[in-house]
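S.K.: I have a structure I would like to understand better, so I am pasting it below and will then ask my questions one at a time.
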Protein chains: 2
Amino acid sequence: MENEELVLKFMKNTELCSECIIDKIIQGNALEVLEKTPAETFDLVFMDPPYFLQLPPKKLKRWNVKTEVDAVDDKWDKFASFEDYDEYMRDLLFKTKKVMKENATIWVISTYHSIFRIGKIMQDLGFWILNDVLWLKTNPMPNWLGVRFTNATETLIWATKDKNAKKYTFKRELAKTFGVGSIGANVWEIPICGGKERLKDAEGNKLHSTQKPVELLRRIILTSSNEGGLVLDPVAGSGTTGYVAKALKRHFTMIEMNEKYVKGIQDRFKKPLTQFK
Amino acid sequence: MENEELVLKFMKNTELCSECIIDKIIQGNALEVLEKTPAETFDLVFMDPPYFLQLPPKKLKRWNVKTEVDAVDDKWDKFASFEDYDEYMRDLLFKTKKVMKENATIWVISTYHSIFRIGKIMQDLGFWILNDVLWLKTNPMPNWLGVRFTNATETLIWATKDKNAKKYTFKRELAKTFGVGSIGANVWEIPICGGKERLKDAEGNKLHSTQKPVELLRRIILTSSNEGGLVLDPVAGSGTTGYVAKALKRHFTMIEMNEKYVKGIQDRFKKPLTQFK
DNA sequence: CAAAGTCCTGAATCATATG
DNA sequence: ACATATGATTCAGGACTTT
């Protein structure tokens with residue numbers, strides 16, 4: 001059974017071999033798993049860390065319906081302070097850098113809540129930023145109180161391990177078709193993940209509060225990796241990265257600590273893969 | 001002559017009064033000028049700091065703190081490192097924060113080269129980010145080399161002095177008309193500054209390498225200030241901020257060290273103001 | 001079955017007044 | 001300071017219900 005072998009439970013203080021992590025979901029703490037992963041292993045990294053949203057304790061009520069906004073209140077997004085968040089992100093990025101091949105690139109996504117801290121830490125660690133790519137949501141949640149602009153974007157930082165890593169993968173012809181305006185701009189219009197694509201748990205609630213759309217990962221993987229390459233997602237969540245990587249004939253390694261999410265990813269892989277042209 | 005009184009040459013160790021800085025270009029070092037400016041004076045700040053583009057080592061730039069004496073020779077100089085840049089930006093933002101009124105907001109613009117560092121510093125200083133607003137250039141530099149995405153955006157951070165500053169100015173109906181789509185999104189499509197709008201020096205070269213478009217400032221000033229309010233630009237450059245503020249019936253204070261730019265701003269104000277609806 | 005109408009929701013740092 | 005009540009603001013898209 002393919003899915004019985006999909007998950008690899010990480011045992012503390014056990015070294016991981018280069019072969020056994022291919023096309024696997026490693027259930028464990030990313031900081032510990034990465035430390036036991038061979039250096040310079042991956043061709044591409046996609047990282048979707050906690051954003052540290054700092055939402056108010058009270059839920060926002062809608063005025064015309066009786067529902068509340070089901071905002072992100074997951075434990076994994078809570079940090080005591082910016083300092084704690086910085087420390088976590090620095091550790092995660094540092095360990096991720098070590099397992100990247102010399103010419104690998106990394107994509108990190110967040111919003112204004114934390115993307116500035118992330119970018120600063122990346123620069124301090126020696127990553128060389130190639131672009132900031134803006135995900136422009138076609139259907140964001142409006143700011144109906146009208147006290148700020150509707151936050152319709154998330155920011156992706158795309159970077160190499162360091163300034164001198166020149167021979168990274170970039171599929172220029174494809175990349176040109178993704179951005180607005182057909183000039184290969186750093187702005188991608190993509191709807192948020194919903195409908196049938198959105199994974200549900202046994203109770204019919206959304207499996208993961210921040211599932212990333214397949215189309216976002218499709219563009220990332222197609223522009224910055226080759227067929228047969230190995231893609232890492234150290235904070236896998238709902239597993240979009242591995243799911244799309246497989247559909248696009250790349251190999252993947254995903255790390256996820258939460259057992260519920262790991263099971264959700266297993267279920268996701270049991271269904272037929274989305275077919276891309 | 002109005003233009004003879006437009007410029008106020010800053011004298012070191014001299015306190016500035018609240019009245020004498022209204023509708024003035026203060027010629028001097030921003031860090032020194034701000035220190036001698038009364039606290040809680042301004043309703044709105046627009047800041048367009050050096051971007052620290054990190055050109056090859058021999059062309060590294062550094063913003064040098066100049067004295068009165070060598071101010072004549074002032075020009076862009078090197079930043080030796082990220083640390084130097086951070087220190088400069090932290091100082092500039094800290095001093096700017098002190099001269100902002102309690103309910104004032106600040107806009108800071110940069111690109112991926114330094115916007116992450118700036119945002120991190122702002123958060124550390126207690127600024128509360130309301131939005132990141134993306135300026136999407138409709139006619140970006142054709143920098144398509146096929147090795148990265150065309151960089152078609154600059155990022156604006158819009159923030160209050162702190163988390164509890166609720167009663168800031170936001171013209172919601174106007175704001176809705178600016179963003180792409182119909183929901184007041186945080187993405188503004190604006191062409192880069194060129195044509196007749198672009199200021200030239202005596203030799204016919206562009207006066208300033210990063211002159212900001214009038215339309216950008218129009219949107220900022222209209223959405224986040226009231227008529228009669230006082231707008232600060234501590235790094236004035238070509239003076240778009242004060243120029244647009246005046247045209248929109250706001251007062252302004254601009255600080256600029258470089259004499260060539262100050263003269264350029266004076267010339268700019270001699271011409272009839274652009275008329276806005 | 002098709003078309004039209006209703007309801008729900010999405011990484012949200014979304015207000016103000018009174019006690 | 002915190003808790004609670006009041007108020008009259010939002011949009012695209014998918015799922016569901018009704019005609």
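Simple scheme: letters A, B, ... for chains in structure tokens order, numbers from 1 for residues in each chain, numbers from 1 for ligands in the order shown.
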All C-alpha atoms, paired in order, least-squares superposition of chain B on chain A: what RMSD does that give?
M.R.: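 When all C-alpha atoms are superposed, the deviation is 6.4 Å.
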S.K.: Could you give me the residues within segment 28-78 of chain A that DSSP places in helix (DSSP H, G or I), as a ChimeraX atom specification?
M.R.: /A:30-35,75-77
S.K.: Keeping only all heavy atoms, write the selected residues to a file as an mmCIF file, in the first residue's frame.
M.R.:
```cif
data_model
loop_
_atom_site.group_PDB
_atom_site.id
_atom_site.type_symbol
_atom_site.label_atom_id
_atom_site.label_comp_id
_atom_site.auth_asym_id
_atom_site.auth_seq_id
_atom_site.Cartn_x
_atom_site.Cartn_y
_atom_site.Cartn_z
ATOM 1 N N ALA A 30 10.022 20.159 12.828
ATOM 2 C CA ALA A 30 10.892 20.549 11.722
ATOM 3 C C ALA A 30 12.312 20.862 12.186
ATOM 4 O O ALA A 30 13.285 20.492 11.519
ATOM 5 C CB ALA A 30 10.297 21.746 10.985
ATOM 6 N N LEU A 31 12.455 21.520 13.323
ATOM 7 C CA LEU A 31 13.784 21.909 13.790
ATOM 8 C C LEU A 31 14.640 20.680 14.095
ATOM 9 O O LEU A 31 15.844 20.667 13.835
ATOM 10 C CB LEU A 31 13.671 22.796 15.035
ATOM 11 C CG LEU A 31 12.873 24.092 14.842
ATOM 12 C CD1 LEU A 31 12.752 24.848 16.161
ATOM 13 C CD2 LEU A 31 13.516 24.970 13.781
ATOM 14 N N GLU A 32 13.993 19.644 14.618
ATOM 15 C CA GLU A 32 14.726 18.413 14.933
ATOM 16 C C GLU A 32 14.987 17.589 13.675
ATOM 17 O O GLU A 32 16.073 17.029 13.502
ATOM 18 C CB GLU A 32 13.932 17.574 15.940
ATOM 19 C CG GLU A 32 13.766 18.248 17.300
ATOM 20 C CD GLU A 32 12.772 17.511 18.193
ATOM 21 O OE1 GLU A 32 12.253 16.448 17.784
ATOM 22 O OE2 GLU A 32 12.507 18.013 19.307
ATOM 23 N N VAL A 33 13.988 17.516 12.822
ATOM 24 C CA VAL A 33 14.122 16.711 11.604
ATOM 25 C C VAL A 33 15.217 17.273 10.704
ATOM 26 O O VAL A 33 16.065 16.535 10.192
ATOM 27 C CB VAL A 33 12.774 16.640 10.854
ATOM 28 C CG1 VAL A 33 12.952 15.961 9.503
ATOM 29 C CG2 VAL A 33 11.731 15.924 11.694
ATOM 30 N N LEU A 34 15.202 18.585 10.523
ATOM 31 C CA LEU A 34 16.191 19.205 9.635
ATOM 32 C C LEU A 34 17.611 18.986 10.135
ATOM 33 O O LEU A 34 18.549 18.837 9.353
ATOM 34 C CB LEU A 34 15.903 20.708 9.500
ATOM 35 C CG LEU A 34 14.647 21.066 8.705
ATOM 36 C CD1 LEU A 34 14.313 22.543 8.860
ATOM 37 C CD2 LEU A 34 14.813 20.712 7.232
ATOM 38 N N GLU A 35 17.749 18.970 11.439
ATOM 39 C CA GLU A 35 19.071 18.777 12.026
ATOM 40 C C GLU A 35 19.632 17.388 11.696
ATOM 41 O O GLU A 35 20.852 17.194 11.659
ATOM 42 C CB GLU A 35 18.984 18.952 13.542
ATOM 43 C CG GLU A 35 20.230 19.506 14.157
ATOM 44 C CD GLU A 35 19.910 20.245 15.455
ATOM 45 O OE1 GLU A 35 19.073 19.746 16.222
ATOM 46 O OE2 GLU A 35 20.499 21.314 15.677
ATOM 47 N N LYS A 75 -3.238 27.279 17.698
ATOM 48 C CA LYS A 75 -2.159 27.364 18.685
ATOM 49 C C LYS A 75 -0.804 27.610 18.006
ATOM 50 O O LYS A 75 0.055 28.316 18.533
ATOM 51 C CB LYS A 75 -2.124 26.041 19.465
ATOM 52 C CG LYS A 75 -1.473 26.125 20.820
ATOM 53 C CD LYS A 75 -1.614 24.778 21.537
ATOM 54 C CE LYS A 75 -0.736 24.728 22.784
ATOM 55 N NZ LYS A 75 -0.774 23.388 23.423
ATOM 56 N N TRP A 76 -0.652 27.007 16.827
ATOM 57 C CA TRP A 76 0.651 27.112 16.171
ATOM 58 C C TRP A 76 0.971 28.519 15.681
ATOM 59 O O TRP A 76 2.088 28.794 15.280
ATOM 60 C CB TRP A 76 0.800 26.092 15.044
ATOM 61 C CG TRP A 76 -0.344 25.978 14.062
ATOM 62 C CD1 TRP A 76 -1.280 24.977 13.998
ATOM 63 C CD2 TRP A 76 -0.678 26.879 12.985
ATOM 64 N NE1 TRP A 76 -2.171 25.199 12.971
ATOM 65 C CE2 TRP A 76 -1.824 26.358 12.333
ATOM 66 C CE3 TRP A 76 -0.123 28.070 12.521
ATOM 67 C CZ2 TRP A 76 -2.425 26.989 11.240
ATOM 68 C CZ3 TRP A 76 -0.729 28.698 11.433
ATOM 69 C CH2 TRP A 76 -1.857 28.156 10.806
ATOM 70 N N ASP A 77 -0.018 29.396 15.695
ATOM 71 C CA ASP A 77 0.275 30.765 15.254
ATOM 72 C C ASP A 77 0.534 31.706 16.431
ATOM 73 O O ASP A 77 0.719 32.899 16.261
ATOM 74 C CB ASP A 77 -0.873 31.299 14.396
ATOM 75 C CG ASP A 77 -0.465 32.515 13.575
ATOM 76 O OD1 ASP A 77 0.599 32.445 12.941
ATOM 77 O OD2 ASP A 77 -1.173 33.534 13.597
#
```
S.K.: Counting only C-alpha atoms (C1' of nucleotides), which residues of chain C come no farther than 6 Å from chain A, as a ChimeraX atom specification?
M.R.: /C:10-11,13-14
S.K.: Quick one: everything within 6 Å of Val133 of chain B, counting only C-alpha atoms (C1' of nucleotides), minus sequence neighbours fewer than 6 positions away in the same chain. Send it as a PyMOL selection string.
M.R.: chain B and resi 155-156+186-187
S.K.: Please produce a file of the residues just selected, as a PDB file, in the first residue's frame, where the atoms kept are N, CA and C atoms.
M.R.:
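See result-v5.pdb below for the written result:
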```
ATOM      1  N   THR B 155       6.923  48.720  -2.430  1.00  0.00           N
ATOM      2  CA  THR B 155       6.048  48.457  -1.283  1.00  0.00           C
ATOM      3  C   THR B 155       5.973  49.678  -0.383  1.00  0.00           C
ATOM      4  N   LEU B 156       4.747  50.039  -0.020  1.00  0.00           N
ATOM      5  CA  LEU B 156       4.517  51.103   0.953  1.00  0.00           C
ATOM      6  C   LEU B 156       4.015  50.474   2.237  1.00  0.00           C
ATOM      7  N   ASN B 186      -5.297  46.767  -1.496  1.00  0.00           N
ATOM      8  CA  ASN B 186      -4.020  47.396  -1.176  1.00  0.00           C
ATOM      9  C   ASN B 186      -3.037  47.352  -2.346  1.00  0.00           C
ATOM     10  N   VAL B 187      -3.550  47.475  -3.548  1.00  0.00           N
ATOM     11  CA  VAL B 187      -2.699  47.461  -4.735  1.00  0.00           C
ATOM     12  C   VAL B 187      -3.091  48.630  -5.631  1.00  0.00           C
TER      13      VAL B 187
END
```
S.K.: With only C-alpha atoms as the basis for distance, which of A:Gly28, A:Pro38, A:Gly229, A:Gly179 is at the shortest distance from chain B?
M.R.: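 So, comparing all the options, the nearest one is A:Gly179.
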S.K.: Specify as a PyMOL selection string all residues of chain B found within 12 Å of chain D, counting only C-alpha atoms (C1' of nucleotides).
M.R.: chain B and resi 172-173+176+181-185
S.K.: Dump C-alpha atoms for the selected residues as a compact mmCIF listing (two decimals), in the first residue's frame?
M.R.:
```
# COMPACT_ATOMS: atom_id res chain seq x y z
CA ARG B 172 -12.75 55.24 2.91
CA GLU B 173 -14.81 56.14 -0.16
CA LYS B 176 -12.01 52.35 -2.53
CA GLY B 181 -10.83 45.77 -8.17
CA SER B 182 -13.89 47.16 -6.45
CA ILE B 183 -13.05 46.54 -2.83
CA GLY B 184 -10.39 49.08 -2.00
CA ALA B 185 -7.57 46.59 -2.29
```
S.K.: Near Glu102 of chain B, within 10 Å and counting only C-alpha atoms (C1' of nucleotides), which residues show up once chain neighbours fewer than 4 positions away are dropped, as a list in words?
M.R.: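 Near Glu102 of chain B, the qualifying residues are Glu40, Thr41, Phe42, Asp43, Lys97, Lys98, Thr160, Lys161, Asp162, Asn164, Ala165, Lys166, Lys167 and Tyr168 of chain B.
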S.K.: Excluding segment 242-254 of chain A and residues on its chain fewer than 5 positions from it, collect all residues at most 10 Å away from it, counting only C-alpha atoms (C1' of nucleotides), and give them as a short mmCIF file (atom, residue, chain, number, x, y, z; two decimals) with C-alpha atoms, in the first residue's frame.
M.R.:
```
data_model
loop_
_atom_site.label_atom_id
_atom_site.label_comp_id
_atom_site.auth_asym_id
_atom_site.auth_seq_id
_atom_site.Cartn_x
_atom_site.Cartn_y
_atom_site.Cartn_z
CA VAL A 7 4.52 8.65 6.37
CA LEU A 8 7.82 8.37 8.18
CA CYS A 20 14.48 7.30 2.86
CA ILE A 21 13.15 10.87 2.87
CA ILE A 22 12.16 10.92 -0.80
CA ASP A 23 8.42 11.24 -1.39
CA LYS A 24 7.75 11.10 2.31
CA ILE A 25 5.81 12.98 4.92
CA ILE A 26 8.05 13.05 7.94
CA GLN A 27 5.98 13.35 11.10
CA ALA A 30 10.89 20.55 11.72
CA PHE A 42 17.07 19.69 -1.79
CA ASP A 43 16.65 21.50 -5.10
CA LEU A 44 13.78 23.72 -4.02
CA VAL A 45 12.12 24.78 -0.77
CA PHE A 46 8.65 26.15 -0.19
CA PRO A 213 -4.10 27.01 -3.43
CA VAL A 214 -2.78 24.42 -5.86
CA GLU A 215 -2.27 27.09 -8.51
CA LEU A 216 0.17 28.98 -6.30
CA LEU A 217 2.37 25.93 -5.84
CA ARG A 218 2.05 25.02 -9.50
CA ARG A 219 3.61 28.31 -10.51
CA ILE A 220 6.35 28.07 -7.91
CA ILE A 221 7.33 24.52 -8.76
CA LEU A 222 7.12 24.97 -12.51
CA SER A 225 12.46 23.35 -10.43
CA ASN A 226 13.07 20.60 -12.95
CA GLU A 227 11.29 17.30 -13.39
CA GLY A 228 12.77 14.76 -11.03
CA GLY A 229 14.00 17.44 -8.61
CA LEU A 230 13.51 17.17 -4.87
CA VAL A 231 11.25 19.73 -3.20
CA LEU A 232 11.19 20.37 0.55
CA ASP A 233 8.31 21.78 2.59
CA PRO A 234 9.39 21.91 6.25
CA VAL A 235 6.01 23.18 7.51
CA ALA A 236 3.69 21.14 5.33
CA GLY A 237 0.25 21.84 6.85
CA VAL A 262 -0.48 14.30 8.50
CA ILE A 265 -2.31 14.74 3.74
CA ARG A 268 -5.39 13.81 0.07
CA PHE A 269 -2.90 11.56 -1.68
CA PRO A 272 -6.64 11.03 -7.89
CA LEU A 273 -4.11 13.81 -8.44
CA THR A 274 -5.16 16.99 -10.16
CA GLN A 275 -3.98 16.80 -13.75
CA PHE A 276 -1.97 19.68 -15.12
CA LYS A 277 -1.33 20.30 -18.75
#
```
S.K.: Of the candidates B:Thr96, B:Asn131, B:Thr37, B:Ser81, which one gets nearest to chain A if we count only C-alpha atoms?
M.R.: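 Smallest distance to chain A is found for B:Asn131.
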S.K.: What residues in segment 20-258 of chain A get the DSSP label strand (DSSP E or B)? Please answer as a PyMOL selection string.
M.R.: chain A and resi 24-27+42-47+61+68+100-110+128-137+150+153-160+185+187-190+200+206+230-233+251-256
S.K.: Between A:Ala152, A:Val99, A:Met122, A:Ala104, which residue has the minimum interatomic distance to DA12 of chain C, considering only C-alpha atoms (C1' of nucleotides)?
M.R.: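 Of the candidates, the smallest distance to DA12 of chain C is held by A:Ala152.
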S.K.: Nearest to Lys171 of chain B: which of B:Leu199, B:Thr223, B:Glu19, B:Leu207 is it, counting only C-alpha atoms?
M.R.: B:Thr223
